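Peer 1: Next comes structure-v5.cif, mmCIF, C-alpha atoms:
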data_start
#
loop_
_atom_site.label_atom_id
_atom_site.label_comp_id
_atom_site.auth_asym_id
_atom_site.auth_seq_id
_atom_site.Cartn_x
_atom_site.Cartn_y
_atom_site.Cartn_z
CA MET N 75 10.15 -7.14 -2.06
CA PRO N 76 9.53 -7.00 -5.80
CA VAL N 77 7.38 -4.26 -7.28
CA VAL N 78 5.97 -5.12 -10.70
CA ASP N 79 4.44 -2.38 -12.90
CA THR N 80 2.09 -3.36 -15.70
CA ALA N 81 1.08 -0.81 -18.36
CA GLN N 82 -2.70 -0.67 -18.89
CA SER N 83 -4.77 0.61 -21.80
CA ASP N 84 -7.69 1.41 -19.46
CA PRO N 85 -8.47 5.16 -19.61
CA VAL N 86 -9.02 5.30 -15.82
CA GLY N 87 -5.48 4.31 -14.88
CA THR N 88 -2.35 3.61 -16.86
CA ASN N 89 -0.44 1.34 -14.47
CA ILE N 90 -0.98 -1.35 -11.89
CA SER N 91 1.75 -1.81 -9.31
CA THR N 92 1.82 -5.12 -7.47
CA VAL N 93 3.72 -4.83 -4.21
CA THR N 94 4.37 -7.93 -2.12
CA ILE N 95 5.05 -6.76 1.43
CA SER N 96 6.90 -9.61 3.09
CA ALA N 97 6.47 -10.40 6.75
CA PRO N 98 9.49 -9.03 8.63
CA ALA N 99 11.72 -11.24 10.75
CA SER N 100 11.03 -11.21 14.47
CA GLY N 101 12.17 -7.92 16.02
CA VAL N 102 12.64 -6.22 12.63
CA ALA N 103 10.47 -3.27 11.56
CA PRO N 104 8.36 -3.67 8.41
CA THR N 105 9.71 -2.17 5.19
CA VAL N 106 8.19 0.97 3.66
CA GLU N 107 7.88 0.34 -0.10
CA THR N 108 7.91 2.97 -2.87
CA VAL N 109 5.00 2.49 -5.28
CA LYS N 110 5.70 5.60 -7.39
CA ALA N 111 8.52 8.09 -6.88
CA SER N 112 6.69 11.05 -8.42
CA SER N 113 3.22 12.61 -8.52
CA GLY N 114 0.17 10.77 -9.82
CA THR N 115 -3.40 9.72 -9.06
CA TRP N 116 -4.56 6.40 -7.59
CA PHE N 117 -7.93 4.95 -8.52
CA MET N 118 -8.03 1.54 -6.80
CA ILE N 119 -6.16 -0.29 -4.07
CA ASP N 120 -6.65 -4.05 -3.72
CA ILE N 121 -5.19 -5.69 -0.58
CA ASP N 122 -4.80 -9.47 -0.26
CA ASN N 123 -4.37 -10.45 3.40
CA THR N 124 -5.21 -14.15 3.02
CA SER N 125 -1.80 -15.14 4.49
CA ASN N 126 -2.62 -13.54 7.85
CA SER N 127 -5.22 -14.47 10.45
CA SER N 128 -5.08 -10.98 11.99
CA ASP N 129 -6.29 -7.67 10.57
CA THR N 130 -3.73 -5.71 8.56
CA TYR N 131 -3.54 -1.96 7.94
CA VAL N 132 -1.86 -0.66 4.80
CA LYS N 133 -0.57 2.86 5.39
CA ALA N 134 0.04 5.22 2.47
CA TRP N 135 2.22 8.35 2.36
CA ASP N 136 2.42 11.14 -0.21
CA VAL N 137 6.20 11.59 -0.29
CA ALA N 138 8.88 11.73 -2.99
CA GLY N 139 10.77 8.55 -3.83
CA GLY N 140 13.95 9.52 -1.98
CA ALA N 141 12.19 11.04 1.03
CA ALA N 142 12.25 9.13 4.30
CA VAL N 143 9.17 7.82 6.08
CA THR N 144 9.68 7.04 9.76
CA LEU N 145 7.28 4.28 10.67
CA GLY N 146 5.51 5.20 13.90
CA SER N 147 6.01 8.97 13.63
CA THR N 148 5.35 10.06 10.02
CA SER N 149 1.57 10.55 9.71
CA PRO N 150 0.12 8.61 6.77
CA GLU N 151 -2.25 10.29 4.30
CA GLY N 152 -4.34 7.12 4.21
CA VAL N 153 -4.82 3.91 6.20
CA PHE N 154 -6.62 0.96 4.60
CA LEU N 155 -7.96 -1.93 6.71
CA VAL N 156 -8.26 -5.50 5.49
CA ARG N 157 -9.59 -8.19 7.83
CA GLY N 158 -7.54 -11.24 8.75
CA GLY N 159 -7.77 -13.95 6.07
CA GLY N 160 -9.53 -11.53 3.70
CA ARG N 161 -9.09 -9.46 0.61
CA THR N 162 -10.49 -5.93 0.24
CA SER N 163 -10.54 -3.35 -2.55
CA TYR N 164 -10.89 0.41 -2.13
CA SER N 165 -11.77 2.55 -5.14
CA CYS N 166 -12.09 6.24 -5.83
CA SER N 167 -13.96 6.92 -9.08
CA GLY N 168 -12.43 10.35 -9.63
CA GLY N 169 -9.06 9.28 -8.29
CA THR N 170 -7.05 10.65 -5.39
CA ALA N 171 -4.01 12.69 -6.30
CA PHE N 172 -0.63 12.35 -4.64
CA SER N 173 1.64 15.31 -5.30
CA ALA N 174 5.10 13.96 -4.47
CA GLY N 175 5.05 10.16 -4.73
CA MET N 176 3.45 7.16 -3.04
CA LYS N 177 4.91 4.84 -0.40
CA ILE N 178 3.12 2.07 1.50
CA CYS N 179 3.68 -0.30 4.41
CA ALA N 180 1.59 -3.04 6.06
CA VAL N 181 1.29 -3.27 9.86
CA THR N 182 -1.01 -4.73 12.51
CA ALA N 183 -2.34 -1.42 13.92
CA GLY N 184 -3.87 1.63 12.24
CA GLY N 185 -3.04 5.28 12.76
CA THR N 186 0.41 6.76 12.95
CA ALA N 187 1.74 4.72 15.87
CA GLY N 188 1.38 1.18 14.46
CA THR N 189 4.81 -0.31 13.70
CA THR N 190 4.44 -4.08 14.11
CA GLY N 191 4.61 -6.14 10.93
CA MET N 192 2.31 -9.00 10.04
CA THR N 193 3.21 -12.69 10.29
CA GLY N 194 2.49 -13.45 6.62
CA ASP N 195 2.95 -11.65 3.31
CA VAL N 196 0.45 -9.04 2.10
CA VAL N 197 -0.04 -8.37 -1.63
CA VAL N 198 -1.16 -4.84 -2.59
CA ARG N 199 -2.23 -3.90 -6.12
CA ILE N 200 -2.64 -0.21 -6.93
CA LEU N 201 -4.21 1.16 -10.13
CA TYR N 202 -2.82 4.62 -10.81
CA SER N 203 -1.75 7.05 -13.49
#
Kindly present the structure from the file in structure tokens form.
Peer 2:
Amino acid sequence: MPVVDTAQSDPVGTNISTVTISAPASGVAPTVETVKASSGTWFMIDIDNTSNSSDTYVKAWDVAGGAAVTLGSTSPEGVFLVRGGGRTSYSCSGGTAFSAGMKICAVTAGGTAGTTGMTGDVVVRILYS
């Protein structure tokens, strides 16, 4: 799962991370990806779910890069819904701070308990500083 950071000259955010969350193999839990291993502020999250016919939920945690997230029991700080076959962007004009780091994962159910991965890849782009 490659994570590509692109430096930006925009005064709102300084980086865009593009995270491709690949569909897990049958019976395998989805992977929790590290977006940023230290504190920062996110301004926009764009989720491309066009490879899936079902709704997808992108969960976000405020945890340090080396800290573990247990999918299904670690409560996320945010859950972002994107409809099956769609693409959705969420923005926060003043930004939302994360104090330790940011990790994300894509699953088929919202809340803490959802642990089933999607059948197709999901691309998440996050504008942050």
Peer 1: Pull out every residue that the PyMOL selection byres ((chain N and resi 99-109) around 7) matches in the shown coordinates and put them as an mmCIF file with C-alpha atoms, in the frame of the given file.
Peer 2:
data_model
loop_
_atom_site.group_PDB
_atom_site.id
_atom_site.type_symbol
_atom_site.label_atom_id
_atom_site.label_comp_id
_atom_site.auth_asym_id
_atom_site.auth_seq_id
_atom_site.Cartn_x
_atom_site.Cartn_y
_atom_site.Cartn_z
ATOM 1 C CA SER N 91 1.750 -1.810 -9.310
ATOM 2 C CA ALA N 97 6.470 -10.400 6.750
ATOM 3 C CA PRO N 98 9.490 -9.030 8.630
ATOM 4 C CA LYS N 110 5.700 5.600 -7.390
ATOM 5 C CA ALA N 111 8.520 8.090 -6.880
ATOM 6 C CA GLY N 139 10.770 8.550 -3.830
ATOM 7 C CA MET N 176 3.450 7.160 -3.040
ATOM 8 C CA LYS N 177 4.910 4.840 -0.400
ATOM 9 C CA ILE N 178 3.120 2.070 1.500
ATOM 10 C CA CYS N 179 3.680 -0.300 4.410
ATOM 11 C CA THR N 189 4.810 -0.310 13.700
ATOM 12 C CA THR N 190 4.440 -4.080 14.110
ATOM 13 C CA GLY N 191 4.610 -6.140 10.930
#
Peer 1: When you draw a straight line from atom CA of N:Val93 to atom CA of N:Thr186, how long is it in Å?
Peer 2: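 It comes out at 21.0 Å.
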Peer 1: Compile the contact shell of N:Val181 as a ChimeraX atom specification: residues with an atom at most 12 Å away, counting all atoms listed in the file, same-chain residues fewer than 3 positions apart removed.
Peer 2: /N:95-98,103-106,123,126,128-134,145-146,153-156,158,178,184-196
Peer 1: Measure the distance from atom CA of N:Val198 to atom CA of N:Asp122 in Å and round it to one decimal.
Peer 2: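 One can read the atom CA of N:Val198 to atom CA of N:Asp122 distance as 6.3 Å.
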Peer 1: May I ask which of the residues N:Gly152, N:Gly87, N:Gly160, N:Gly175 is the closest one to N:Ser112, counting all atoms listed in the file?
Peer 2: N:Gly175
Peer 1: Measure the distance from atom CA of N:Ile90 to atom CA of N:Val78 in Å and round it to one decimal.
Peer 2: 8.0 Å
Peer 1: What lies within 7 Å of N:Asp120 using only C-alpha atoms, ignoring chain neighbours under 2 positions off, as a list in words?
Peer 2: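 Result of the neighbour search: Met118, Asp122, Thr162, Ser163, Tyr164, Val198, Arg199 and Ile200 of chain N.
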Peer 1: For N:Ser203, which of N:Thr170, N:Thr144, N:Ser149, N:Ser165 is the closest residue, counting only C-alpha atoms?
Peer 2: N:Thr170
